[in-house]
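S.K.: I have a structure here, written as structure tokens, and I will follow up with some questions on it.
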Amino acid sequence: MEVSCFSQNVLLVTLLLAIAVSLVESQGTRVGFYSTSCPRVESIVRSTVQSHFRSDPTIAPGLLRMHFHDCFVHGCDASILIDGPGTEKTAPPNLLLRGYEVIDDAKTQLEAACPGVVSCADILALAARDSVVLTSGASWAVPTGRRDGTVSQASDAANLPGFRDSVDVQKQKFAAKGLNTQDLVTLVGGHTIGTTACQFFRYRLYNFTTTGNGADPSITAAFVSQLQALCPQNGDGSRRIGLDTGSVNRFDNSFFANLRDGKGILESDQRLWTDASTKTFVQRFLGIRGLLGLTFNIEFGRSMVKMSNIEVKTGTVGEIRKVCSKVN
């Protein structure tokens with residue numbers, strides 16, 4: 001059984017590598033960009049993420065979210081990492097992002113090994129992939145060669161996807177970045193790991209409607225009671241709750257089963273099941289009979305490669321920061 005699983009994983013990685021290469025040939029990034037200039041880049045980033053993950057497993061979803069939030073503003077250029085008043089990291093959607101110290105740690109090691117070579121944007125892209133692997137997800141080949149941006153403004157983060165967004169709004173925001181509806185459902189599936197705070201969904205549990213128990217009717221009744229116990233109406237809004245009930249630390253497709261069962265935590269997530277245009281993809285990830293199935297791990301790697309090439313800076317555009325939190 002172990003040999004069979006290993007063979008499947010090797011096949012999966014090989015397939016994803018081929019997908020990644022075909023997708024990025026014209027993007028200016030490529031797999032193995034640092035093969036001669038900094039051959040240990042992937043192993044250094046991987047070991048750094050592993051080290052931090054061992055002491056704090058919540059770092060994995062933190063790094064995955066950070067990469068997503070970075071790519072949706074000015075493209076994948078590490079602008080999310082820049083310190084200072086009025087920068088992206090000070091914008092409301094980014095205030096609870098975490099994992100900055102992991103990127104800084106990896107950057108310090110890479111500057112010692114290959115000074116001025118590896119961008120912070122590439123470190124973040126690699127760290128996001130490694131985070132998925134550490135939580136039992138499949139690997140994929142990450143194209144590299146991004147350069148770091150020099151602009152970071154909180155106001156530019158206003159158009160990040162939000163937890164109250166309708167499916168139409170979510171689709172518009174993803175389409176603006178060259179991502180289709182399948183990419184949307186797939187990437188939101190990244191919520192299979194990590195948590196959110198009561199303050200971001202508690203409104204769904206109390207006075208959401210004027211009938212019934214007052215809760216959002218798309219949440220199954222038994223689950224409403226569970227969530228109300230965890231997030232009392234006047235309780236601690238910062239309390240963390242798993243986004244994928246029953247599988248918060250494992251990267252798998254159970255997140256989609258929870259949407260089917262009326263157990264989506266964020267309103268924007270649950271709407272993927274109630275809207276026909278996205279429900280089909282949720283069903284395909286669940287292997288619903290009569291529909292062409294999709295394998296979440298494979299599709300997630302493919303969509304991540306697409307996302308990680310949003311508006312990338314390559315060649316002579318941008319810079320290679322010496323310190324990720326500061327523009328040179």
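Going by the structure tokens order, chains are called A, B, ..., each with residues numbered from 1, while ligands are numbered from 1 in the order shown.
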Could you name the residues that touch Asp122 (chain A) at 6 Å or less, counting only C-alpha atoms, but leaving out those on the same chain fewer than 2 positions away, as a list in words?

M.R.: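 Contacts, in chain order: Ser119, Cys120, Leu124, Ala125, Thr144 and Arg146 of chain A.
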
S.K.: Tell me, as a ChimeraX atom specification, which residues lie within 12 Å of Leu134 (chain A), counting only C-alpha atoms; anything in the same chain fewer than 4 positions away does not count.

M.R.: /A:46-54,56-61,63-64,127-130,138-139,193,249-251

S.K.: Looking at only C-alpha atoms, which of A:Thr209, A:Thr192, A:Ser218, A:Ser225 is the one that sits closest to Glu267 (chain A)?

M.R.: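 When distances to Glu267 (chain A) are compared using only C-alpha atoms, the smallest one comes from A:Ser218.
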
S.K.: Using only C-alpha atoms, can you tell me which of A:Leu187, A:Ala222, A:Ile265, A:Val323 comes closest to Glu111 (chain A)?

M.R.: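 Once distances to Glu111 (chain A) are computed over only C-alpha atoms, the minimum belongs to A:Val323.
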
S.K.: Quick one, how far is CA of Lys89 (chain A) from CA of Ala154 (chain A)?

M.R.: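 Result for CA of Lys89 (chain A) versus CA of Ala154 (chain A): 6.9 Å, one decimal.
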
S.K.: Could you check how far CA of Val282 (chain A) sits from CA of Val185 (chain A), in Å to one decimal?

M.R.: 7.1 Å

S.K.: Name the closest residue to Val188 (chain A) among the candidates A:Arg239, A:Lys171, A:His74, A:Arg98; distances are taken between atoms, counting only C-alpha atoms.

M.R.: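 Among the listed residues, A:Lys171 lies closest to Val188 (chain A).
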
S.K.: Find the residue from A:Leu286, A:Leu184, A:Leu230, A:Val117 that sits nearest to Gly242 (chain A); use only C-alpha atoms when measuring.

M.R.: A:Leu230

S.K.: Check the DSSP output for the backbone and give back, as number ranges by chain, the residues of region 73-314 of chain A in alpha helix (DSSP H).

M.R.: A: 100-113, 120-134, 167-175, 181-188, 221-230, 254-260, 267-274, 276-286, 296-307

S.K.: Tell me which protein, DNA and RNA residues are within 12 Å of Pro217 (chain A), counting only C-alpha atoms, leaving out same-chain ones fewer than 3 positions away, and put them as a list in words.

M.R.: Arg204, Leu205, Tyr206, Asn207, Phe208, Thr209, Thr210, Thr211, Gly212, Asn213, Gly214, Thr220, Ala221, Ala222, Phe223, Val224, Gly262, Lys263, Gly264, Glu267, Gln270, Arg271 and Thr274 of chain A

S.K.: Would you mind telling me which residue in A:Phe201, A:Val132, A:Leu110, A:Phe296 lies nearest to Ser254 (chain A) when using only C-alpha atoms?

M.R.: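 Of A:Phe201, A:Val132, A:Leu110, A:Phe296, the one nearest Ser254 (chain A), counting only C-alpha atoms, is A:Phe296.
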
S.K.: Tell me, which residues of region 33-262 of chain A carry DSSP strand (DSSP E), written as a list in words?

M.R.: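 So, restricting region 33-262 of chain A to strand (DSSP E), we get Thr195, Thr196, Ala197, Arg240, Ile241 and Gly242 of chain A.
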
S.K.: Which residues are close to region 307-318 of chain A, i.e. within 6 Å by only C-alpha atoms, leaving aside same-chain residues fewer than 2 positions away? Reply as an MDAnalysis selection string.

M.R.: chainID A and resid 75:76 146:149 304:305

S.K.: I'd like the contact shell of Thr87 (chain A) - 8 Å cut-off, only C-alpha atoms, skipping same-chain residues fewer than 5 positions apart - returned as a list in words.

M.R.: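 Selected residues are Ile80, Ile82, Ser152, Gln153 and Ala154 of chain A.
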
S.K.: Take the selection from the previous step and output its residues with N, CA, C and O atoms, as a short mmCIF file (atom, residue, chain, number, x, y, z; two decimals), in the first residue's frame.

M.R.:
```
data_model
loop_
_atom_site.label_atom_id
_atom_site.label_comp_id
_atom_site.auth_asym_id
_atom_site.auth_seq_id
_atom_site.Cartn_x
_atom_site.Cartn_y
_atom_site.Cartn_z
N ILE A 80 3.13 42.78 -0.04
CA ILE A 80 2.48 42.54 1.25
C ILE A 80 3.50 42.55 2.39
O ILE A 80 3.14 42.77 3.55
N ILE A 82 6.16 44.60 2.83
CA ILE A 82 6.81 45.88 3.11
C ILE A 82 6.22 46.54 4.35
O ILE A 82 5.01 46.69 4.49
N SER A 152 3.66 49.72 -2.13
CA SER A 152 2.77 49.00 -1.21
C SER A 152 1.86 50.02 -0.53
O SER A 152 2.32 50.79 0.31
N GLN A 153 0.58 50.01 -0.91
CA GLN A 153 -0.36 50.98 -0.37
C GLN A 153 -1.61 50.27 0.15
O GLN A 153 -2.20 49.45 -0.55
N ALA A 154 -2.00 50.60 1.36
CA ALA A 154 -3.15 49.96 1.99
C ALA A 154 -4.42 50.12 1.15
O ALA A 154 -5.23 49.19 1.06
#
```

S.K.: Do a neighbour search on Pro39 (chain A) at 12 Å with only C-alpha atoms, toss out local chain neighbours closer than 4 positions, and write the hits as a ChimeraX atom specification.

M.R.: /A:31-35,43-45,110,113-114,117-118

S.K.: With only C-alpha atoms as the basis for distance, which of A:Pro93, A:Pro85, A:Gly293, A:Pro115 is at the shortest distance from Pro161 (chain A)?

M.R.: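 The answer is A:Pro93, which sits nearest to Pro161 (chain A).
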
S.K.: If I take CA of Asp77 (chain A) and CA of Leu97 (chain A), how far is one from the other in Å, to one decimal?

M.R.: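 Here the two named atoms are 16.5 Å from each other.
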